[in-house]
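Here's the structure, in structure tokens; my notes come after.
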2 protein chains.
Amino acid sequence: MDSSPAFANRMRQMRPSTIREILKVTVQPNIISFAGGLPAPELFPVAEVQAAANQVLRTAGASALQYSQSEGLRPLREWIAAEMQDRGVKTAADDVLIATGSQQILDLVGKLFLNRDDVVLTENPTYLAAIQSFQTMEARFVPVPTDSEGLIPEALPDLIRQHKPKLLYTIPNFQNPTGVTLPERRRVALAEIAARHGLTVMEDDPYGKLRYRGTNIPPVKHWDEAGRVLYASTFSKTIAPGLRTGWVVAPPEVFSRLLILKQASDLHTSSFDQHVEYTYLTTNDQAGHLGKIRQAYGERFEYMDRMLREMMPAGYTWTKPEGGMFLWITGPAGLDSLELLQRAIAHDVAFVPGRDFFPGEGGRNHMRLNFSNSTPDRIREGVRRLSELCRAG
Amino acid sequence: MDSSPAFANRMRQMRPSTIREILKVTVQPNIISFAGGLPAPELFPVAEVQAAANQVLRTAGASALQYSQSEGLRPLREWIAAEMQDRGVKTAADDVLIATGSQQILDLVGKLFLNRDDVVLTENPTYLAAIQSFQTMEARFVPVPTDSEGLIPEALPDLIRQHKPKLLYTIPNFQNPTGVTLPERRRVALAEIAARHGLTVMEDDPYGKLRYRGTNIPPVKHWDEAGRVLYASTFSKTIAPGLRTGWVVAPPEVFSRLLILKQASDLHTSSFDQHVEYTYLTTNDQAGHLGKIRQAYGERFEYMDRMLREMMPAGYTWTKPEGGMFLWITGPAGLDSLELLQRAIAHDVAFVPGRDFFPGEGGRNHMRLNFSNSTPDRIREGVRRLSELCRAG
């Protein structure tokens with residue numbers, strides 16, 4: 001339908017997500033799915049959201065259903081600015097842009113910073129929908145060397161000189177897919193390198209509030225005196241993802257450009273959802289709610305970790321995240337996790353094979369397992385099935 | 001912050017919307033604003049939306065707040081497919097992609113079809129946020145000659161040969177900003193030319209259900225046997241814009257690519273809003289509700305038209321739309337409508353100057369007036385102030 005080589009190239013790069021195809025199968029209730037990145041729906045504050053929706057329509061009425069500012073709802077931006085203070089980032093409501101999920105932040109940042117063949121530095125593996133989003137702008141990906149503590153800042157200056165990247169994309173807390181957390185000294189070093197080399201850092205922090213072990217570490221943005229770090233987060237994991245509301249904190253000269261791009265992308269994020277979230281946040285014990293989520297996810301991780309230790313054959317290791325929703329299994333060098341997945345689905349258990357999280361080659365012997373969306377009973381049974389298949393393979 | 005010439009070029013092209021800047025002033029209640037493209041909030045079905053939200057959270061519960069499919073909520077897609085039959089377009093739910101307002105359709109279509117310097121054919125003037133959206137992809141705009149019945153199909157073959165456009169963008173019903181409607185014979189001709197020349201047509205129909213005079217005309221898509229027309233519409237004008245839900249009907253090979261781009265843009269549109277809309281649509285008398293909107297908007301247009309005839313000085317003419325929310329004033333050749341706007345705001349009345357609706361030069365002596373968002377009293381007083389300023393200028 002279009003003969004432009006650039007067009008063909010763009011579409012070829014955009015492989016349909018394996019996750020999306022898998023999720024189509026795993027909505028069947030008989031399948032134990034460790035595949036999706038779904039928070040636990042039994043912990044969604046349904047009654048509280050319902051009360052908030054009623055209060056919004058009773059008090060704000062039609063204005064909660066009207067077109068609104070592209071920046072986002074002012075009181076919600078103020079609430080987020082205060083929340084950012086708690087996270088260790090001094091900011092003002094004027095620096096907060098609300099988006100349709102933090103996924104949209106990736107889209108806007110990609111549009112602003114990336115043109116064809118521009119380089120993005122990423123962890124390797126990294127969030128697959130970030131790869132998809134930056135691929136829309138036909139960016140190239142260069143992996144940053146990583147170890148069990150995340151990306152290695154000392155490797156950056158050479159990469160910057162060699163590739164002149166437009167952007168570094170990182171998930172410092174409980175990374176997707178590995179669950180790894182970047183320690184404080186590396187965050188300090190990253191902010192310092194960004195300042196020194198004029199490198200824009202996109203810090204994606206969807207899981208920061210989901211720490212169930214260890215001590216909170218301030219975001220990279222905390223040390224960002226040079227204004228090089230864009231910090232993104234979301235209500236998807238702390239209220240509910242179906243409301244599709246995230247935000248970015250950006251310096252004024254970046255903010256004003258992201259705002260124009262936001263307006264062109266969807267005018268603004270749902271007025272109704274923003275009103276409901278603001279009312280929910282200001283009329284409920286949010287700290288208590290987060291405590292419940294952290295406790296449940298921590299228990300689920302501990303349980304999955306214990307079941308894996310009891311049942312997985314030799315040659316398989318996995319990460320021990322201190323928060324978030326995922327752990328990352330490394331199998332024997334010969335493992336083909338895509339082939340394993342096909343057998344797994346035949347036995348009604350699912351995960352995401354590692355391949356999709358690598359912008360280039362790699363990942364064949366890896367799997368991502370989600371533990372937030374399964375009850376302990378299903379975790380035990382799912383790990384039992386999976387470990388038998390690993391043994392048989 | 002970024003030294004790439006392409007980047008600088010992209011940002012230079014993206015002028016901040018005059019409308020957005022004006023709207024910041026016109027939220028003050030003392031200003032009579034004919035500027036925004038706002039539907040009448042007193043006609044929003046607030047109580048019905050509240051009942052639907054309660055029903056959704058009582059019955060679907062957490063699943064209405066969870067991540068969902070990028071395609072959109074299946075029952076809503078089925079409802080839309082049936083609605084499309086009523087509009088004269090045979091389609092199936094599989095061909096319907098739900099987006100975050102029909103503005104997002106423009107973003108997705110731009111990403112799919114446009115690369116830097118690719119040509120988009122548009123009416124001149126056209127919807128300003130379509131200009132902004134396609135500018136994100138650094139497209140070039142070539143105007144199609146128009147008259148009082150919209151674009152002139154006979155002009156297209158030469159433009160196609162000369163510019164090899166990737167896309168034609170058109171609003172056939174009650175166009176924004178002019179209010180003009182493309183007659184049936186031109187729609188047939190447009191579909192035929194699109195088929196013959198392999199031209200992709202983006203038919204944007206936000207206002208089609210708002211006809212208060214004359215007879216409905218089927219969409220261009222009705223005659224699209226070659227699968228060259230993408231048809232977009234929205235619930236923004238028929239339920240409420242704050243819920244940010246639109247859709248596109250596209251042939252399978254385009255649909256599958258738009259879907260990948262949709263997923264990379266914001267994963268999916270608010271699950272909650274989609275559930276609320278579906279429940280609202282299936283538990284209320286939508287035809288009766290639309291009848292009320294049409295009657296009110298028709299009366300408001302008639303009243304604004306009458307006030308303009310009584311009060312505007314010689315040299316000013318305007319369109320007589322059969323539906324929608326806007327009329328378009330052409331002033332004397334010497335009129336500078338941006339200068340007039342500055343005086344108007346000082347007298348607490350606002351409109352949108354014509355300039356912003358022209359991708360290139362032009363529009364100085366034009367104004368767009370919205371009549372859907374003002375009561376008759378405010379229409380009379382606003383037209384009185386405006387006509388005095390025109391007389392004084």
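Ligands are numbered from 1 in the order shown, chains are lettered A, B, ... in the order of the structure tokens, and residues start at 1 in each chain.
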In region 82-157 of chain B, DSSP strand (DSSP E) residues written as a list in words: Val96, Leu97, Ile98, Ala99, Val119, Val120, Leu121, Thr122, Arg140, Phe141, Val142, Pro143, Thr146, Asp147, Gly150 and Leu151 of chain B
Put those residues in a file: N, CA and C atoms, as an mmCIF file, in the first residue's frame.
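This went into out.cif:
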data_model
loop_
_atom_site.group_PDB
_atom_site.id
_atom_site.type_symbol
_atom_site.label_atom_id
_atom_site.label_comp_id
_atom_site.auth_asym_id
_atom_site.auth_seq_id
_atom_site.Cartn_x
_atom_site.Cartn_y
_atom_site.Cartn_z
ATOM 1 N N VAL B 96 -12.292 -2.591 13.495
ATOM 2 C CA VAL B 96 -12.442 -1.378 14.307
ATOM 3 C C VAL B 96 -11.335 -1.316 15.356
ATOM 4 N N LEU B 97 -10.508 -0.296 15.286
ATOM 5 C CA LEU B 97 -9.455 -0.076 16.283
ATOM 6 C C LEU B 97 -9.853 1.123 17.140
ATOM 7 N N ILE B 98 -9.884 0.912 18.449
ATOM 8 C CA ILE B 98 -10.255 2.002 19.365
ATOM 9 C C ILE B 98 -9.005 2.772 19.768
ATOM 10 N N ALA B 99 -9.133 4.082 19.822
ATOM 11 C CA ALA B 99 -7.984 4.942 20.133
ATOM 12 C C ALA B 99 -8.353 5.969 21.192
ATOM 13 N N VAL B 119 4.189 14.134 1.294
ATOM 14 C CA VAL B 119 3.124 15.114 1.066
ATOM 15 C C VAL B 119 1.767 14.589 1.539
ATOM 16 N N VAL B 120 1.048 15.455 2.272
ATOM 17 C CA VAL B 120 -0.346 15.214 2.651
ATOM 18 C C VAL B 120 -1.200 16.241 1.922
ATOM 19 N N LEU B 121 -2.227 15.772 1.233
ATOM 20 C CA LEU B 121 -3.207 16.683 0.636
ATOM 21 C C LEU B 121 -4.274 16.999 1.681
ATOM 22 N N THR B 122 -4.627 18.278 1.814
ATOM 23 C CA THR B 122 -5.666 18.659 2.771
ATOM 24 C C THR B 122 -6.558 19.722 2.177
ATOM 25 N N ARG B 140 4.927 17.462 4.517
ATOM 26 C CA ARG B 140 4.630 18.710 3.820
ATOM 27 C C ARG B 140 3.152 18.709 3.447
ATOM 28 N N PHE B 141 2.537 19.895 3.418
ATOM 29 C CA PHE B 141 1.115 19.999 3.133
ATOM 30 C C PHE B 141 0.907 20.635 1.771
ATOM 31 N N VAL B 142 0.048 20.037 0.979
ATOM 32 C CA VAL B 142 -0.326 20.629 -0.296
ATOM 33 C C VAL B 142 -1.845 20.794 -0.290
ATOM 34 N N PRO B 143 -2.329 22.032 -0.401
ATOM 35 C CA PRO B 143 -3.779 22.254 -0.347
ATOM 36 C C PRO B 143 -4.479 21.794 -1.625
ATOM 37 N N THR B 146 -10.585 24.230 -3.169
ATOM 38 C CA THR B 146 -11.915 24.015 -2.605
ATOM 39 C C THR B 146 -12.849 25.131 -3.053
ATOM 40 N N ASP B 147 -14.153 24.853 -2.984
ATOM 41 C CA ASP B 147 -15.152 25.903 -3.162
ATOM 42 C C ASP B 147 -16.185 25.750 -2.057
ATOM 43 N N GLY B 150 -16.667 22.255 -0.609
ATOM 44 C CA GLY B 150 -15.517 21.478 -0.136
ATOM 45 C C GLY B 150 -14.503 21.221 -1.228
ATOM 46 N N LEU B 151 -13.703 20.179 -1.072
ATOM 47 C CA LEU B 151 -12.612 19.951 -2.029
ATOM 48 C C LEU B 151 -13.163 19.558 -3.399
#
Selection: 8 Å around region 178-190 of chain A, only C-alpha atoms, excl. self and same-chain fewer than 3 positions, as a JSON list (two decimals) with C-alpha atoms, in the first residue's frame:
[["chain", "number", "residue", "atom", "x", "y", "z"],
["A", 125, "PRO", "CA", 17.66, -6.81, 28.21],
["A", 148, "SER", "CA", 23.96, -8.12, 38.70],
["A", 149, "GLU", "CA", 23.63, -4.47, 39.83],
["A", 150, "GLY", "CA", 22.38, -3.11, 36.52],
["A", 151, "LEU", "CA", 24.16, -0.90, 34.04],
["A", 152, "ILE", "CA", 27.85, -0.13, 34.57],
["A", 153, "PRO", "CA", 28.36, 3.67, 34.50],
["A", 172, "PRO", "CA", 16.70, 1.72, 37.93],
["A", 173, "ASN", "CA", 14.18, 0.07, 40.31],
["A", 174, "PHE", "CA", 13.29, -3.64, 39.96],
["A", 175, "GLN", "CA", 14.00, -3.51, 36.27],
["A", 193, "ILE", "CA", 28.19, 11.40, 33.54],
["A", 194, "ALA", "CA", 24.93, 12.72, 32.04],
["A", 217, "ILE", "CA", 17.12, 4.58, 46.99],
["A", 218, "PRO", "CA", 16.45, 8.06, 45.59],
["A", 219, "PRO", "CA", 15.92, 8.26, 41.81],
["A", 220, "VAL", "CA", 18.78, 9.24, 39.48],
["A", 223, "TRP", "CA", 21.24, 13.95, 41.74],
["A", 319, "THR", "CA", 17.29, -13.00, 40.21],
["A", 320, "LYS", "CA", 16.07, -12.05, 43.71],
["A", 321, "PRO", "CA", 14.38, -8.66, 43.19],
["A", 322, "GLU", "CA", 13.65, -6.42, 46.18],
["A", 323, "GLY", "CA", 10.45, -5.13, 44.61],
["A", 324, "GLY", "CA", 8.42, -4.97, 41.43],
["A", 325, "MET", "CA", 6.61, -7.76, 39.64],
["A", 326, "PHE", "CA", 9.18, -9.87, 37.76],
["A", 327, "LEU", "CA", 12.07, -12.27, 38.20],
["A", 328, "TRP", "CA", 14.42, -13.39, 35.47],
["A", 368, "ARG", "CA", 10.71, -13.60, 32.53]]
Among the residues A:Leu76, A:Ala92, A:Leu106, A:Ala81, the one that comes closest to chain B [using only C-alpha atoms]: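 Going through A:Leu76, A:Ala92, A:Leu106, A:Ala81 one by one, the smallest distance to chain B is for A:Leu106.
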Which of A:Leu38, A:Ala346, A:Ala155, A:Leu341 sits closest to chain B [using only C-alpha atoms]: A:Leu38
Length of the CA of Ala35 (chain A) to CA of Ser63 (chain B) vector [Å]: 17.4 Å
Residues of region 117-296 of chain B in helix (DSSP H, G or I), written as number ranges by chain: B: 128-136, 153-163, 184-197, 208-210, 220-223, 241-243, 252-266, 271-282, 286-296
Long-range neighbours of Ser256 (chain B) as an mmCIF file with C-alpha atoms, in the first residue's frame, 12 Å cut-off, only C-alpha atoms, 2 positions minimum in chain:
data_model
loop_
_atom_site.group_PDB
_atom_site.id
_atom_site.type_symbol
_atom_site.label_atom_id
_atom_site.label_comp_id
_atom_site.auth_asym_id
_atom_site.auth_seq_id
_atom_site.Cartn_x
_atom_site.Cartn_y
_atom_site.Cartn_z
ATOM 1 C CA MET A 11 7.287 -1.753 9.638
ATOM 2 C CA MET A 14 8.282 -3.498 14.355
ATOM 3 C CA ARG A 15 7.849 -7.168 15.130
ATOM 4 C CA PRO A 16 4.480 -7.843 16.753
ATOM 5 C CA SER B 70 -4.650 -2.780 22.419
ATOM 6 C CA GLU B 71 -7.468 -3.293 19.880
ATOM 7 C CA ASP B 94 -12.230 -6.924 13.670
ATOM 8 C CA ASP B 95 -11.777 -3.840 11.459
ATOM 9 C CA VAL B 96 -12.442 -1.378 14.307
ATOM 10 C CA LEU B 97 -9.455 -0.076 16.283
ATOM 11 C CA LEU B 108 -1.091 6.647 14.299
ATOM 12 C CA LEU B 112 2.350 4.696 9.519
ATOM 13 C CA VAL B 249 -12.164 1.502 10.504
ATOM 14 C CA ALA B 250 -9.308 0.194 8.374
ATOM 15 C CA PRO B 251 -8.609 -2.670 5.952
ATOM 16 C CA PRO B 252 -6.792 -5.640 7.599
ATOM 17 C CA GLU B 253 -3.287 -4.890 6.269
ATOM 18 C CA VAL B 254 -3.503 -1.313 7.561
ATOM 19 C CA LEU B 258 -1.936 0.641 13.199
ATOM 20 C CA LEU B 259 -2.405 -1.848 16.040
ATOM 21 C CA ILE B 260 1.355 -2.239 16.561
ATOM 22 C CA LEU B 261 1.723 1.535 16.557
ATOM 23 C CA LYS B 262 -1.198 1.894 18.982
ATOM 24 C CA GLN B 263 0.424 -0.550 21.389
#
Interatomic distance, CA of Asn216 (chain B) to CA of Ile105 (chain B) (Å, one decimal):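 About the pair CA of Asn216 (chain B) and CA of Ile105 (chain B): they are 23.8 Å apart.
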Closest of A:Val109, A:Ala333, A:Gly208, A:His163 to Phe255 (chain A) - atom-to-atom distances counting only C-alpha atoms: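 Closest residue, counting only C-alpha atoms: A:Val109.
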Counting only C-alpha atoms, the option among A:Ala344, A:Ala232, A:Ile239, A:Leu338 closest to Asp285 (chain A):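 Counting only C-alpha atoms, the residue closest to Asp285 (chain A) is A:Ile239.
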Residues near Ala314 (chain A), cut-off 10 Å, only C-alpha atoms, skip fewer than 3 positions along chain, as a PyMOL selection string: chain A and resi 309+311+317+331-332+390-391
Would you put the residues from that selection into a file with C-alpha atoms, as a PDB file, in the first residue's frame?
ATOM      1  CA  ARG A 309      14.484 -23.654  44.659  1.00  0.00           C
ATOM      2  CA  MET A 311      11.660 -27.866  42.027  1.00  0.00           C
ATOM      3  CA  THR A 317      19.368 -19.575  38.240  1.00  0.00           C
ATOM      4  CA  GLY A 331      18.787 -21.474  31.943  1.00  0.00           C
ATOM      5  CA  PRO A 332      21.567 -23.667  30.591  1.00  0.00           C
ATOM      6  CA  CYS A 390      12.705 -27.952  32.044  1.00  0.00           C
ATOM      7  CA  ARG A 391      13.739 -31.361  33.365  1.00  0.00           C
TER       8      ARG A 391
END
Separation of CA of Ala130 (chain B) from CA of His366 (chain B) in Å: 18.9 Å
Which residue of A:Glu138, A:Asp86, A:Asp266, A:Glu388 approaches chain B most closely, using only C-alpha atoms: A:Asp266
